[in-house]
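*Asks:* The file below is model-v2.json, JSON, C-alpha atoms and all ligand atoms:
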```json
[["chain", "number", "residue", "atom", "x", "y", "z"],
["G", 114, "MET", "CA", 17.77, 193.96, -57.67],
["G", 115, "ASP", "CA", 14.50, 192.37, -56.60],
["G", 116, "ASN", "CA", 15.67, 189.04, -55.33],
["G", 117, "LEU", "CA", 18.82, 189.30, -53.26],
["G", 118, "SER", "CA", 18.80, 185.59, -52.49],
["G", 119, "SER", "CA", 19.44, 184.93, -56.18],
["G", 120, "VAL", "CA", 23.01, 186.27, -56.03],
["G", 121, "THR", "CA", 25.34, 183.48, -57.11],
["G", 122, "THR", "CA", 29.13, 183.46, -57.04],
["G", 123, "THR", "CA", 30.74, 180.86, -59.27],
["G", 124, "LEU", "CA", 34.41, 179.96, -59.11],
["G", 125, "ASP", "CA", 35.73, 177.76, -61.85],
["G", 126, "ALA", "CA", 39.23, 176.43, -61.06],
["G", 127, "VAL", "CA", 40.14, 179.78, -59.51],
["G", 128, "ALA", "CA", 43.71, 179.99, -58.21],
["G", 129, "PHE", "CA", 45.80, 182.87, -56.94],
["G", 130, "GLU", "CA", 49.58, 183.09, -57.05],
["G", 131, "VAL", "CA", 52.06, 185.82, -56.15],
["G", 132, "ASP", "CA", 55.72, 186.45, -56.93],
["G", 133, "THR", "CA", 58.01, 185.92, -53.97],
["G", 134, "ALA", "CA", 61.02, 188.06, -53.08],
["G", 135, "GLU", "CA", 63.21, 185.13, -54.22],
["G", 136, "GLY", "CA", 61.76, 185.35, -57.73],
["G", 137, "ALA", "CA", 59.62, 182.22, -57.38],
["G", 138, "ARG", "CA", 55.83, 181.94, -57.49],
["G", 139, "ARG", "CA", 53.80, 181.16, -54.39],
["G", 140, "ARG", "CA", 50.34, 179.67, -54.58],
["G", 141, "ILE", "CA", 48.10, 181.40, -52.06],
["G", 142, "LEU", "CA", 44.91, 179.71, -53.21],
["G", 143, "HIS", "CA", 44.93, 176.33, -54.95],
["G", 144, "PRO", "CA", 42.46, 175.78, -57.82],
["G", 145, "LEU", "CA", 38.98, 176.06, -56.40],
["G", 146, "THR", "CA", 35.66, 175.24, -58.04],
["G", 147, "LEU", "CA", 32.61, 176.34, -56.08],
["G", 148, "THR", "CA", 29.11, 177.71, -56.42],
["G", 149, "LEU", "CA", 28.06, 180.01, -53.58],
["G", 150, "ARG", "CA", 24.46, 181.09, -53.22],
["G", 151, "GLU", "CA", 23.47, 180.57, -49.59],
["G", 152, "HIS", "CA", 22.29, 183.62, -47.67],
["G", 153, "ARG", "CA", 24.98, 183.41, -44.98],
["G", 154, "ILE", "CA", 28.34, 181.83, -45.77],
["G", 155, "ALA", "CA", 31.23, 181.76, -43.28],
["G", 156, "VAL", "CA", 34.84, 181.16, -44.29],
["G", 157, "ILE", "CA", 37.06, 179.87, -41.49],
["G", 158, "GLY", "CA", 40.61, 178.56, -41.19],
["G", 159, "ALA", "CA", 44.01, 179.24, -39.70],
["G", 160, "ASN", "CA", 45.92, 182.53, -40.12],
["G", 161, "GLY", "CA", 47.25, 182.73, -43.65],
["G", 162, "SER", "CA", 45.00, 179.96, -44.97],
["G", 163, "GLY", "CA", 43.57, 182.14, -47.75],
["G", 164, "LYS", "CA", 40.26, 183.42, -46.35],
["G", 165, "SER", "CA", 40.85, 187.10, -47.07],
["G", 166, "THR", "CA", 42.25, 186.25, -50.48],
["G", 167, "LEU", "CA", 39.02, 184.43, -51.35],
["G", 168, "LEU", "CA", 36.93, 187.44, -50.28],
["G", 169, "ARG", "CA", 39.16, 189.86, -52.15],
["G", 170, "LEU", "CA", 38.84, 187.73, -55.29],
["G", 171, "ILE", "CA", 35.05, 187.69, -55.00],
["G", 172, "ALA", "CA", 35.03, 191.46, -54.43],
["G", 173, "GLY", "CA", 37.16, 191.99, -57.51],
["G", 174, "LEU", "CA", 39.88, 193.64, -55.42],
["G", 175, "VAL", "CA", 42.33, 191.10, -56.86],
["G", 176, "THR", "CA", 42.12, 189.06, -60.04],
["G", 177, "PRO", "CA", 42.51, 185.26, -60.21],
["G", 178, "THR", "CA", 45.82, 184.21, -61.75],
["G", 179, "GLU", "CA", 44.03, 181.10, -63.08],
["G", 180, "GLY", "CA", 40.42, 180.13, -63.67],
["G", 181, "SER", "CA", 37.37, 182.34, -63.80],
["G", 182, "LEU", "CA", 35.06, 183.90, -61.26],
["G", 183, "GLN", "CA", 31.58, 185.23, -61.91],
["G", 184, "LEU", "CA", 28.93, 187.00, -59.89],
["G", 185, "ARG", "CA", 25.37, 186.63, -61.11],
["G", 186, "PRO", "CA", 23.15, 188.36, -62.02],
["G", 187, "ALA", "CA", 25.60, 190.45, -64.01],
["G", 188, "GLY", "CA", 26.36, 193.80, -62.40],
["G", 189, "VAL", "CA", 25.95, 192.64, -58.77],
["G", 190, "ARG", "CA", 27.53, 195.26, -56.53],
["G", 191, "PRO", "CA", 29.47, 193.81, -53.60],
["G", 192, "GLY", "CA", 30.17, 195.84, -50.45],
["G", 193, "PHE", "CA", 33.33, 195.06, -48.47],
["G", 194, "ILE", "CA", 33.68, 195.39, -44.69],
["G", 195, "PHE", "CA", 37.28, 195.31, -43.43],
["G", 196, "ALA", "CA", 38.48, 194.12, -40.03],
["G", 197, "ASN", "CA", 39.78, 197.61, -39.34],
["G", 198, "PRO", "CA", 37.05, 200.19, -39.96],
["G", 199, "GLN", "CA", 39.68, 202.92, -40.08],
["G", 200, "ALA", "CA", 40.51, 201.56, -43.53],
["G", 201, "GLN", "CA", 37.12, 202.58, -44.88],
["G", 202, "LEU", "CA", 36.00, 205.64, -42.95],
["G", 203, "ILE", "CA", 36.70, 208.55, -45.25],
["G", 204, "MET", "CA", 35.10, 211.61, -43.69],
["G", 205, "PRO", "CA", 35.96, 212.94, -40.20],
["G", 206, "VAL", "CA", 32.36, 213.19, -38.96],
["G", 207, "VAL", "CA", 29.99, 210.22, -38.72],
["G", 208, "GLY", "CA", 27.04, 211.75, -40.61],
["G", 209, "GLU", "CA", 29.33, 213.08, -43.33],
["G", 210, "ASP", "CA", 30.89, 209.67, -43.82],
["G", 211, "ILE", "CA", 27.51, 208.00, -44.41],
["G", 212, "ALA", "CA", 26.39, 210.90, -46.63],
["G", 213, "PHE", "CA", 29.57, 210.41, -48.68],
["G", 214, "SER", "CA", 28.57, 206.79, -49.36],
["G", 215, "LEU", "CA", 25.19, 208.07, -50.59],
["G", 216, "ARG", "CA", 26.65, 210.48, -53.13],
["G", 217, "ARG", "CA", 25.91, 208.21, -56.10],
["G", 218, "SER", "CA", 22.35, 207.32, -55.14],
["G", 219, "ILE", "CA", 21.01, 210.62, -53.73],
["G", 220, "SER", "CA", 21.82, 213.88, -55.47],
["G", 221, "SER", "CA", 20.67, 216.46, -52.90],
["G", 222, "PRO", "CA", 22.75, 217.10, -49.77],
["G", 223, "LYS", "CA", 19.52, 217.40, -47.76],
["G", 224, "GLY", "CA", 18.32, 214.01, -49.04],
["G", 225, "ARG", "CA", 21.69, 212.48, -48.17],
["G", 226, "ARG", "CA", 21.55, 213.92, -44.65],
["G", 227, "GLU", "CA", 18.05, 212.55, -44.07],
["G", 228, "ARG", "CA", 18.90, 209.08, -45.38],
["G", 229, "SER", "CA", 22.13, 209.08, -43.40],
["G", 230, "ARG", "CA", 20.14, 209.86, -40.23],
["G", 231, "GLU", "CA", 17.74, 206.99, -40.97],
["G", 232, "ILE", "CA", 20.59, 204.52, -41.46],
["G", 233, "LEU", "CA", 22.34, 205.63, -38.27],
["G", 234, "ASP", "CA", 19.05, 205.34, -36.35],
["G", 235, "THR", "CA", 18.53, 201.75, -37.48],
["G", 236, "MET", "CA", 22.04, 200.91, -36.25],
["G", 237, "GLY", "CA", 21.49, 202.53, -32.86],
["G", 238, "LEU", "CA", 23.88, 205.36, -33.73],
["G", 239, "GLY", "CA", 21.32, 208.14, -34.13],
["G", 240, "ASP", "CA", 22.98, 210.25, -31.43],
["G", 241, "ARG", "CA", 26.45, 210.03, -33.01],
["G", 242, "GLU", "CA", 25.65, 211.79, -36.27],
["G", 243, "ASN", "CA", 27.79, 214.82, -35.43],
["G", 244, "SER", "CA", 30.54, 212.93, -33.60],
["G", 245, "SER", "CA", 34.09, 212.82, -34.85],
["G", 246, "ILE", "CA", 34.92, 209.32, -36.04],
["G", 247, "TYR", "CA", 38.04, 209.58, -33.83],
["G", 248, "ASP", "CA", 35.86, 209.89, -30.71],
["G", 249, "LEU", "CA", 34.04, 206.61, -31.33],
["G", 250, "SER", "CA", 34.79, 203.31, -29.65],
["G", 251, "SER", "CA", 36.03, 200.46, -31.89],
["G", 252, "GLY", "CA", 32.56, 198.91, -31.85],
["G", 253, "GLU", "CA", 30.87, 202.17, -32.82],
["G", 254, "ARG", "CA", 33.46, 202.76, -35.53],
["G", 255, "GLN", "CA", 32.85, 199.28, -36.95],
["G", 256, "LYS", "CA", 29.10, 199.97, -36.97],
["G", 257, "VAL", "CA", 29.66, 203.27, -38.79],
["G", 258, "ALA", "CA", 31.81, 201.45, -41.34],
["G", 259, "LEU", "CA", 29.01, 198.91, -41.83],
["G", 260, "ALA", "CA", 26.48, 201.75, -42.11],
["G", 261, "GLY", "CA", 28.63, 203.31, -44.83],
["G", 262, "VAL", "CA", 28.77, 200.03, -46.74],
["G", 263, "LEU", "CA", 25.02, 199.51, -46.39],
["G", 264, "ALA", "CA", 24.31, 203.06, -47.53],
["G", 265, "ALA", "CA", 25.64, 202.04, -50.93],
["G", 266, "GLU", "CA", 23.00, 199.23, -50.94],
["G", 267, "PRO", "CA", 25.34, 196.36, -51.79],
["G", 268, "GLU", "CA", 23.72, 193.25, -53.23],
["G", 269, "LEU", "CA", 26.36, 191.02, -51.66],
["G", 270, "VAL", "CA", 28.14, 191.85, -48.39],
["G", 271, "LEU", "CA", 31.71, 190.59, -48.03],
["G", 272, "ALA", "CA", 32.99, 190.94, -44.47],
["G", 273, "ASP", "CA", 36.62, 190.23, -43.64],
["G", 274, "GLU", "CA", 36.97, 189.45, -39.94],
["G", 275, "PRO", "CA", 34.57, 192.24, -39.00],
["G", 276, "THR", "CA", 34.44, 191.39, -35.28],
["G", 277, "THR", "CA", 38.18, 190.98, -34.71],
["G", 278, "LEU", "CA", 38.64, 194.31, -32.92],
["G", 279, "LEU", "CA", 35.44, 194.15, -30.91],
["G", 280, "ASP", "CA", 34.81, 193.25, -27.29],
["G", 281, "LEU", "CA", 32.24, 190.61, -26.37],
["G", 282, "ARG", "CA", 29.24, 192.94, -26.15],
["G", 283, "SER", "CA", 30.10, 194.75, -29.39],
["G", 284, "THR", "CA", 30.72, 191.39, -31.08],
["G", 285, "VAL", "CA", 27.26, 190.20, -30.06],
["G", 286, "GLU", "CA", 25.62, 193.45, -31.21],
["G", 287, "PHE", "CA", 27.56, 193.57, -34.44],
["G", 288, "THR", "CA", 26.84, 189.90, -35.18],
["G", 289, "GLU", "CA", 23.12, 190.59, -34.78],
["G", 290, "LEU", "CA", 23.38, 193.49, -37.22],
["G", 291, "LEU", "CA", 25.19, 191.33, -39.76],
["G", 292, "MET", "CA", 22.77, 188.45, -39.36],
["G", 293, "GLY", "CA", 19.83, 190.81, -39.78],
["G", 294, "LEU", "CA", 21.00, 192.12, -43.14],
["G", 295, "GLU", "CA", 18.75, 191.50, -46.07],
["G", 296, "ALA", "CA", 21.61, 191.12, -48.53],
["G", 297, "PRO", "CA", 23.48, 187.82, -48.75],
["G", 298, "MET", "CA", 26.79, 187.80, -46.91],
["G", 299, "ILE", "CA", 30.10, 185.96, -47.08],
["G", 300, "VAL", "CA", 32.13, 186.49, -43.92],
["G", 301, "ALA", "CA", 35.71, 185.43, -43.18],
["G", 302, "THR", "CA", 36.01, 184.99, -39.45],
["G", 303, "HIS", "CA", 37.86, 183.45, -36.52],
["G", 304, "ASP", "CA", 34.66, 183.80, -34.49],
["G", 305, "LEU", "CA", 33.26, 180.28, -34.42],
["G", 306, "GLN", "CA", 30.01, 181.45, -32.80],
["G", 307, "LEU", "CA", 29.43, 183.67, -35.80],
["G", 308, "ALA", "CA", 30.38, 180.83, -38.16],
["G", 309, "ALA", "CA", 27.98, 178.49, -36.34],
["G", 310, "ARG", "CA", 25.09, 180.73, -37.40],
["G", 311, "ALA", "CA", 25.91, 180.53, -41.10],
["G", 312, "ASP", "CA", 23.97, 178.43, -43.59],
["G", 313, "ARG", "CA", 27.21, 177.07, -45.02],
["G", 314, "VAL", "CA", 30.79, 177.03, -43.75],
["G", 315, "LEU", "CA", 33.92, 176.76, -45.89],
["G", 316, "VAL", "CA", 37.09, 175.64, -44.11],
["G", 317, "PHE", "CA", 40.48, 176.56, -45.55],
["G", 318, "GLU", "CA", 43.88, 175.18, -44.70],
["G", 319, "ALA", "CA", 47.04, 176.34, -46.45],
["G", 320, "GLY", "CA", 45.16, 177.68, -49.47],
["G", 321, "ARG", "CA", 42.97, 174.62, -49.94],
["G", 322, "LEU", "CA", 39.30, 174.05, -49.18],
["G", 323, "ILE", "CA", 39.26, 171.13, -46.75],
["G", 324, "ALA", "CA", 35.62, 171.16, -45.64],
["G", 325, "ASP", "CA", 32.42, 172.65, -46.98],
["G", 326, "GLY", "CA", 28.96, 172.19, -45.55],
["G", 327, "ALA", "CA", 26.76, 172.68, -42.52],
["G", 328, "PRO", "CA", 28.39, 174.54, -39.60],
["G", 329, "GLY", "CA", 28.49, 171.55, -37.20],
["G", 330, "PRO", "CA", 30.69, 169.17, -39.21],
["G", 331, "ALA", "CA", 32.70, 171.97, -40.88],
["G", 332, "ILE", "CA", 33.63, 173.59, -37.56],
["G", 333, "ALA", "CA", 34.42, 170.15, -36.08],
["G", 334, "ARG", "CA", 36.81, 169.54, -38.99],
["G", 335, "TYR", "CA", 38.49, 172.91, -38.40],
["G", 336, "ARG", "CA", 38.94, 172.10, -34.70],
["G", 337, "GLU", "CA", 40.42, 168.73, -35.63],
["G", 338, "VAL", "CA", 42.93, 170.26, -38.06],
["G", 339, "ALA", "CA", 43.83, 172.96, -35.54],
["G", 340, "GLY", "CA", 44.43, 170.30, -32.88],
["G", 341, "ALA", "CA", 41.65, 171.73, -30.76],
["G", 342, "ALA", "CA", 39.04, 168.99, -31.18],
["V", 1, "LIG", "N1", 49.35, 190.02, -52.61],
["V", 1, "LIG", "C1", 50.03, 189.17, -51.83],
["V", 1, "LIG", "N2", 51.37, 189.08, -51.92],
["V", 1, "LIG", "C2", 52.07, 188.21, -51.16],
["V", 1, "LIG", "N3", 51.51, 187.38, -50.27],
["V", 1, "LIG", "C3", 50.18, 187.44, -50.14],
["V", 1, "LIG", "C4", 49.37, 188.33, -50.91],
["V", 1, "LIG", "N4", 48.06, 188.14, -50.56],
["V", 1, "LIG", "C5", 48.10, 187.18, -49.61],
["V", 1, "LIG", "N5", 49.34, 186.76, -49.36],
["V", 1, "LIG", "C6", 49.74, 185.69, -48.42],
["V", 1, "LIG", "O1", 48.84, 184.64, -48.62],
["V", 1, "LIG", "C7", 48.53, 183.98, -47.40],
["V", 1, "LIG", "C8", 47.05, 183.97, -47.22],
["V", 1, "LIG", "O2", 46.65, 185.29, -46.89],
["V", 1, "LIG", "P1", 45.17, 185.65, -46.46],
["V", 1, "LIG", "O3", 45.19, 187.07, -46.03],
["V", 1, "LIG", "O4", 44.24, 185.26, -47.53],
["V", 1, "LIG", "O5", 44.98, 184.70, -45.20],
["V", 1, "LIG", "P2", 43.82, 184.66, -44.12],
["V", 1, "LIG", "O6", 43.33, 183.25, -44.07],
["V", 1, "LIG", "O7", 42.82, 185.71, -44.37],
["V", 1, "LIG", "O8", 44.65, 184.96, -42.81],
["V", 1, "LIG", "P3", 44.28, 185.70, -41.44],
["V", 1, "LIG", "O9", 43.37, 184.80, -40.69],
["V", 1, "LIG", "O10", 45.63, 185.83, -40.77],
["V", 1, "LIG", "O11", 43.69, 187.03, -41.80],
["V", 1, "LIG", "C9", 49.31, 184.70, -46.33],
["V", 1, "LIG", "O12", 50.49, 183.97, -46.07],
["V", 1, "LIG", "C10", 49.60, 186.06, -46.96],
["V", 1, "LIG", "O13", 50.79, 186.59, -46.46]]
```
Represent the supplied structure as structure tokens.

*Replies:*
Amino acid sequence: MDNLSSVTTTLDAVAFEVDTAEGARRRILHPLTLTLREHRIAVIGANGSGKSTLLRLIAGLVTPTEGSLQLRPAGVRPGFIFANPQAQLIMPVVGEDIAFSLRRSISSPKGRRERSREILDTMGLGDRENSSIYDLSSGERQKVALAGVLAAEPELVLADEPTTLLDLRSTVEFTELLMGLEAPMIVATHDLQLAARADRVLVFEAGRLIADGAPGPAIARYREVAGAA
């Protein structure tokens, strides 16, 4: 795709419900109508407020139980970064994991190795190509997971609490990597410093969107609702 900034996610009265153990239905996300096209969007809110559910809906990992959701242009490929990189590292060695993500785009193993090296270099992980993923620190592992996602050249990056397991230095480094991405990104986060750098912030509370706009007022509203104003 030539113009990544043209990726638009449209939600038209999208809701998500699940069956409870008691045989009732529980609404996780109340009907939501939104158009998302900013380059950096942060989704914040209390535990269980529906942030991950929104990202999973946009990624197509779950289907709305009501309403409709569209990504435009048609065929946009989202890439998903999980809080726990262990969930998405597939191969035991760093270079092999990135090469695995390249299997669709580059047919020769040599080409995959070279591209994998380039990607690792740009993420400051050039010296870890032959390391076992089990020998990496949490921060390094999260960077490798991001490298794997980026190797697939996603046109929209969806990141679900990607800095949760990271210490302060790794959080700062990882945030810089995320903010430097060319592709548009929607990130669910408890990290208000990360949210403050977004172009637009959505605030959720108990499955409802309660604020939507510039980081300053949106984060202030979240603090107010959380009793931390
Ligand atoms: N498939 C499902 N089945 C049952 N309950 C679900 C399902 N998906 C989400 N939930 C519930 O919906 C609520 C919202 O979950 P979600 O993971 O979207 O919250 P969140 O805002 O990302 O929370 P956190 O900040 O803790 O990660 C939670 O109470 C969760 O247990």

*Asks:* Return as number ranges by chain every polymer residue, whether protein, DNA or RNA, with at least one atom no more than 10 Å from an atom of ligand LIG 1 (chain V); count only C-alpha atoms and all ligand atoms.

*Replies:* G: 129-134, 138-142, 156-170, 175, 196, 273-274, 277, 301-303, 316-320

*Asks:* Pick out the residues sitting within 9 Å of range 218-234 of chain G, and hand them over as a list in words; count only C-alpha atoms, and ignore anything fewer than 2 positions along from it in its own chain.

*Replies:*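 The contact residues come out as Val207, Gly208, Glu209, Asp210, Ile211, Ala212, Phe213, Ser214, Leu215, Arg216, Met236, Gly237, Leu238, Gly239, Asp240, Arg241, Glu242, Lys256, Val257, Ala260, Gly261, Leu263, Ala264 and Ala265 of chain G.
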
*Asks:* Residues at most 8 Å from Arg185 in chain G, counting only C-alpha atoms, excluding those fewer than 4 positions away in the same chain, as a PyMOL selection string?

*Replies:* chain G and resi 119-122+189

*Asks:* Create the file for the chosen residues now, containing C-alpha atoms and written as a tab-separated table (two decimals), in the coordinates of the input.

*Replies:*
```tsv
chain	number	residue	atom	x	y	z
G	119	SER	CA	19.44	184.93	-56.18
G	120	VAL	CA	23.01	186.27	-56.03
G	121	THR	CA	25.34	183.48	-57.11
G	122	THR	CA	29.13	183.46	-57.04
G	189	VAL	CA	25.95	192.64	-58.77
```

*Asks:* Between CA of Gly329 in chain G and CA of Pro267 in chain G, what is the distance, to one decimal in Å?

*Replies:* 29.0 Å

*Asks:* With only C-alpha atoms as the basis for distance, which of G:Met292, G:Ala200, G:Ala342, G:Leu124 is at the shortest distance from Pro177 in chain G?

*Replies:* G:Leu124

*Asks:* Expressed in Å to a single decimal, how great is the separation between CA of Ala126 in chain G and CA of Leu184 in chain G?

*Replies:* 14.8 Å

*Asks:* One decimal, in Å: what's the spacing between CA of Gly293 in chain G and CA of Ala311 in chain G?

*Replies:* 12.0 Å

*Asks:* Which residue is closest to Asp248 in chain G? Choose from G:Val206, G:Val127, G:Leu182, G:Leu269 and count all atoms listed in the file.

*Replies:*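 Once distances to Asp248 in chain G are computed over all atoms listed in the file, the minimum belongs to G:Val206.
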
*Asks:* Between G:Thr148, G:Asp125, G:Leu271, G:Val300, which has the minimum distance to Arg190 in chain G (counting all atoms listed in the file)?

*Replies:*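 Among G:Thr148, G:Asp125, G:Leu271, G:Val300, it is G:Leu271 that comes nearest to Arg190 in chain G.
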
*Asks:* Give me, as a PyMOL selection string, all polymer residues having an atom no more than 9 Å from Gln199 in chain G, counting only C-alpha atoms and skipping those fewer than 3 positions away in the same chain.

*Replies:* chain G and resi 195-196+202-203+246+254-255+258

*Asks:* Ranking G:Gly340, G:Pro191, G:Pro205, G:Gly326 by minimum distance to Met298 in chain G and counting all atoms listed in the file, which one comes first?

*Replies:*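 Checking each of G:Gly340, G:Pro191, G:Pro205, G:Gly326 against Met298 in chain G, counting all atoms listed in the file, the winner is G:Pro191.
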
*Asks:* Just add N, CA and C atoms to range 116-137 of chain G and send it as a short mmCIF file (atom, residue, chain, number, x, y, z; two decimals), in the coordinates of the input.

*Replies:*
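Resulting contents of part.cif:
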```
data_model
loop_
_atom_site.label_atom_id
_atom_site.label_comp_id
_atom_site.auth_asym_id
_atom_site.auth_seq_id
_atom_site.Cartn_x
_atom_site.Cartn_y
_atom_site.Cartn_z
N ASN G 116 15.54 190.26 -56.11
CA ASN G 116 15.67 189.04 -55.33
C ASN G 116 17.13 188.83 -54.91
N LEU G 117 17.43 189.35 -53.70
CA LEU G 117 18.82 189.30 -53.26
C LEU G 117 19.30 187.86 -53.07
N SER G 118 18.36 186.96 -52.75
CA SER G 118 18.80 185.59 -52.49
C SER G 118 19.25 184.92 -53.79
N SER G 119 19.05 185.58 -54.93
CA SER G 119 19.44 184.93 -56.18
C SER G 119 20.88 185.23 -56.56
N VAL G 120 21.61 185.97 -55.71
CA VAL G 120 23.01 186.27 -56.03
C VAL G 120 23.82 184.97 -55.97
N THR G 121 24.54 184.70 -57.04
CA THR G 121 25.34 183.48 -57.11
C THR G 121 26.77 183.82 -57.49
N THR G 122 27.71 183.29 -56.73
CA THR G 122 29.13 183.46 -57.04
C THR G 122 29.65 182.11 -57.52
N THR G 123 30.22 182.11 -58.71
CA THR G 123 30.74 180.86 -59.27
C THR G 123 32.24 180.97 -59.47
N LEU G 124 32.96 180.02 -58.89
CA LEU G 124 34.41 179.96 -59.11
C LEU G 124 34.71 178.70 -59.90
N ASP G 125 35.40 178.90 -61.00
CA ASP G 125 35.73 177.76 -61.85
C ASP G 125 37.26 177.63 -61.89
N ALA G 126 37.77 176.68 -61.13
CA ALA G 126 39.23 176.43 -61.06
C ALA G 126 40.02 177.71 -60.77
N VAL G 127 39.49 178.51 -59.85
CA VAL G 127 40.14 179.78 -59.51
C VAL G 127 41.37 179.53 -58.62
N ALA G 128 42.49 180.07 -59.03
CA ALA G 128 43.71 179.99 -58.21
C ALA G 128 44.32 181.38 -58.12
N PHE G 129 45.15 181.57 -57.08
CA PHE G 129 45.80 182.87 -56.94
C PHE G 129 47.25 182.65 -56.51
N GLU G 130 48.14 183.23 -57.30
CA GLU G 130 49.58 183.09 -57.05
C GLU G 130 50.22 184.46 -56.96
N VAL G 131 51.31 184.55 -56.20
CA VAL G 131 52.06 185.82 -56.15
C VAL G 131 53.54 185.52 -56.40
N ASP G 132 54.26 186.56 -56.78
CA ASP G 132 55.72 186.45 -56.93
C ASP G 132 56.35 186.60 -55.55
N THR G 133 57.32 185.77 -55.25
CA THR G 133 58.01 185.92 -53.97
C THR G 133 59.26 186.77 -54.16
N ALA G 134 59.82 187.22 -53.03
CA ALA G 134 61.02 188.06 -53.08
C ALA G 134 62.19 187.29 -53.73
N GLU G 135 62.13 185.96 -53.65
CA GLU G 135 63.21 185.13 -54.22
C GLU G 135 63.02 184.90 -55.72
N GLY G 136 61.99 185.50 -56.29
CA GLY G 136 61.76 185.35 -57.73
C GLY G 136 60.97 184.11 -58.09
N ALA G 137 60.45 183.40 -57.09
CA ALA G 137 59.62 182.22 -57.38
C ALA G 137 58.14 182.64 -57.34
#
```
